Amino acid sequence: MTSENPRLRFAPSPTGALHIGGARTALYNWLEAHHEGGALVLRIEDTDRERSTAENVEQILDALRWLELDWDEGPISQASRAERHAAALKQLRASGAAFRDAAAGKDVEAWKAGHGAGRGYRGTPTEEAGAAVRLRVPDEGATVVVDLIRGPISFPNASYDDFVIARGDDTVLYNFAVAIDDAEMGITDVVRGDDHLSNTPKQLLVLAALGHEPPRYAHLPLLHGPDGKKLSKRHGAASVQELRDAGYLPAAVRNYLALLGWGTDDDTTLMSTAELVRRFRVTDVGKAAAIFDEKKLRWLNGRFMREMPLEEYIAAVAAHLDRDPADPALRAACEIVQEKAQTLEEVWPLIGFLFEPPVADEVAWRKVMKPDSGPMLAAAADALASVEPFDPEAIEAALAPVLDRFEVKAGKLYQPIRVAITGGSVSPGIFESISALGREKTLERVAAAVERLAAAATDE
RNA sequence: GCCGCUAUCGUCUAGGGGACUAGGACGCUGGCUUCUCAUGCCAGAAACCGGGGUUCGAAUCCCCGUAGCGGUACCA
């Protein structure tokens, strides 16, 4: 980008929640703006009065905030610029570039049936009130979109209809409003989804009719679901809030999304946001559509989870579990679980036993508890009863003699202890778990297991 | 139908005429580490959509085909 003060915009339409495709578009705009030291404007494209809702706007802003993608101006409601749109409409009607046309959809179809399929509809001006306003499109020549990612793309003017720019009541349509807003808001670079590529000539035509210089355009390839189709609600975690609820970290999502359609030449995969800003260039974005793959996001998220400073980790876990980050028990739990979980959502199943009574996993019990487990557990309890201090190192040292006495491998003793204190066969390190649980609860739970084992033995 | 875009391992990608025996990452398989589960480390399988050109030489350039996708609304 060569401009002195680049201005970019992210312009979502509030007709639904922010999808990961939209999130990626927002991220790319944000990265490009930051890389170039430009400004990012947030504009809400709410000219669709039927489908735009305040709830959706809130949800989009919420998603952007969660992703920590901030903006310099806005949010600006496109609908609030209606006066500017009306002025532009008046100007074009006065110059003859736009005109009222009473034709309805089926009239256009009929016209095309008589003029050949590849021929764009050409309207007939009328003074009839309530007729839509169309922009006159030339039959000759072509409109060229110089795309930052794909290079120049030529569209024959003859293939475009005299398209509707305003409804019968003079409220404007998207392709008209967006061109005016981009121009009047001083937008220098439009970075948006591929689905807008075919509409760009229309916007260029509007700009030309109004005498405005067009911005630069970069059309991003679309994101597809696992089935290769356009992303929708059916394809797994499609919205940003679903990603959040699934326990992903914003930084990991940003890293992953950046990599969807863009890569580094030295194969660097794991990047901080600062590094993304430093290395990202919209001109380096690939041309082919990418498929959202949650497996890689999970891996990336796991890396971020493990490499986070403990304080940050505690804050993230506490926020996700809606618990007090100052709670010493939670802090201790975080410390022993950080290496284990790939998502925030996986944390609780691993540390829940520290806060609530263990839920016995009967499959694990049967698999782990053998006839000789009772005496071993009793011996372990004895050893644990006097350990001082009650920390992982001392606990390990205290348990070692039990291993020797029964002449068993570590797992023969540790797994029964694990099942006794956590209820299941999966948990953080056994010494850390015992220490975090505390002497009293550990002894209680081990005793309960010994009792159950003894009862089972007499039954036979 | 018409207009347009795209095409490298299952997935994300590197590659820009010779350095390609096509590299990396996720996932997968096997092994090592190990108190469980993860992690970590090592190894392995796995791709240039098809056909024509251009060229001494094509994954790279051109054309055609095929497939996928987008647009074609008084939606955005």
# chains A, B, ... in the order shown; residues from 1 in each chain; ligands from 1
>>> interface_residues(of="chain B", to="chain A", cutoff="9 Å", atoms="only C-alpha atoms (C1' of nucleotides)", output="PyMOL selection string")
chain B and resi 1-7+11-14+24-27+35-39+68-76
>>> select_by_dssp(residues="range 206-351 of chain A", states="alpha helix (DSSP H)", output="PyMOL selection string")
chain A and resi 206-210+240-245+250-258+273-279+294-307+310-321+328-337+347-351
>>> residues_around(residues="G17 in chain B", least_positions_apart="4", cutoff="12 Å", atoms="only C-alpha atoms (C1' of nucleotides)", output="PyMOL selection string")
chain B and resi 54-61
>>> write_last_selection(atoms="N, CA and C atoms (P, O5', C5', C4', C3', O3' and C1' of nucleotides)", output="PDB file, in the first residue's frame")
ATOM      1  P     U B  54       4.442 -26.223 -29.450  1.00  0.00           P
ATOM      2  O5'   U B  54       4.996 -24.955 -28.655  1.00  0.00           O
ATOM      3  C5'   U B  54       4.480 -23.661 -28.949  1.00  0.00           C
ATOM      4  C4'   U B  54       4.990 -22.666 -27.941  1.00  0.00           C
ATOM      5  C3'   U B  54       6.450 -22.873 -27.548  1.00  0.00           C
ATOM      6  O3'   U B  54       7.322 -22.285 -28.494  1.00  0.00           O
ATOM      7  C1'   U B  54       5.133 -22.561 -25.602  1.00  0.00           C
ATOM      8  P     U B  55       8.525 -23.160 -29.106  1.00  0.00           P
ATOM      9  O5'   U B  55       9.470 -23.312 -27.836  1.00  0.00           O
ATOM     10  C5'   U B  55      10.036 -22.157 -27.220  1.00  0.00           C
ATOM     11  C4'   U B  55      10.690 -22.558 -25.934  1.00  0.00           C
ATOM     12  C3'   U B  55      11.628 -23.759 -26.029  1.00  0.00           C
ATOM     13  O3'   U B  55      12.907 -23.401 -26.531  1.00  0.00           O
ATOM     14  C1'   U B  55      10.221 -23.992 -24.139  1.00  0.00           C
ATOM     15  P     C B  56      13.630 -24.411 -27.602  1.00  0.00           P
ATOM     16  O5'   C B  56      14.002 -25.661 -26.683  1.00  0.00           O
ATOM     17  C5'   C B  56      14.426 -26.894 -27.284  1.00  0.00           C
ATOM     18  C4'   C B  56      15.028 -27.781 -26.212  1.00  0.00           C
ATOM     19  C3'   C B  56      14.172 -27.955 -24.967  1.00  0.00           C
ATOM     20  O3'   C B  56      13.232 -28.992 -25.121  1.00  0.00           O
ATOM     21  C1'   C B  56      16.374 -27.389 -24.326  1.00  0.00           C
ATOM     22  P     G B  57      11.736 -28.777 -24.653  1.00  0.00           P
ATOM     23  O5'   G B  57      11.916 -28.673 -23.076  1.00  0.00           O
ATOM     24  C5'   G B  57      12.250 -29.861 -22.335  1.00  0.00           C
ATOM     25  C4'   G B  57      12.508 -29.512 -20.898  1.00  0.00           C
ATOM     26  C3'   G B  57      11.348 -28.827 -20.170  1.00  0.00           C
ATOM     27  O3'   G B  57      10.418 -29.791 -19.684  1.00  0.00           O
ATOM     28  C1'   G B  57      13.347 -27.659 -19.738  1.00  0.00           C
ATOM     29  P     A B  58       8.886 -29.384 -19.627  1.00  0.00           P
ATOM     30  O5'   A B  58       8.751 -28.369 -18.400  1.00  0.00           O
ATOM     31  C5'   A B  58       9.126 -28.714 -17.058  1.00  0.00           C
ATOM     32  C4'   A B  58       8.040 -28.175 -16.135  1.00  0.00           C
ATOM     33  C3'   A B  58       6.697 -28.845 -16.348  1.00  0.00           C
ATOM     34  O3'   A B  58       6.012 -29.125 -15.160  1.00  0.00           O
ATOM     35  C1'   A B  58       6.532 -26.537 -16.869  1.00  0.00           C
ATOM     36  P     A B  59       6.251 -30.094 -14.050  1.00  0.00           P
ATOM     37  O5'   A B  59       5.288 -29.663 -12.844  1.00  0.00           O
ATOM     38  C5'   A B  59       3.905 -29.923 -12.914  1.00  0.00           C
ATOM     39  C4'   A B  59       3.136 -28.907 -12.121  1.00  0.00           C
ATOM     40  C3'   A B  59       3.280 -27.484 -12.661  1.00  0.00           C
ATOM     41  O3'   A B  59       2.272 -27.236 -13.599  1.00  0.00           O
ATOM     42  C1'   A B  59       3.761 -27.518 -10.332  1.00  0.00           C
ATOM     43  P     U B  60       2.316 -25.919 -14.538  1.00  0.00           P
ATOM     44  O5'   U B  60       2.126 -24.783 -13.450  1.00  0.00           O
ATOM     45  C5'   U B  60       2.120 -23.427 -13.829  1.00  0.00           C
ATOM     46  C4'   U B  60       2.964 -22.624 -12.881  1.00  0.00           C
ATOM     47  C3'   U B  60       3.653 -21.465 -13.575  1.00  0.00           C
ATOM     48  O3'   U B  60       3.252 -20.240 -12.994  1.00  0.00           O
ATOM     49  C1'   U B  60       5.202 -22.722 -12.270  1.00  0.00           C
ATOM     50  P     C B  61       1.870 -19.601 -13.577  1.00  0.00           P
ATOM     51  O5'   C B  61       2.202 -19.283 -15.106  1.00  0.00           O
ATOM     52  C5'   C B  61       2.821 -18.048 -15.469  1.00  0.00           C
ATOM     53  C4'   C B  61       2.863 -17.931 -16.975  1.00  0.00           C
ATOM     54  C3'   C B  61       1.590 -18.350 -17.669  1.00  0.00           C
ATOM     55  O3'   C B  61       0.647 -17.293 -17.703  1.00  0.00           O
ATOM     56  C1'   C B  61       3.423 -19.379 -18.735  1.00  0.00           C
TER      57        C B  61
END
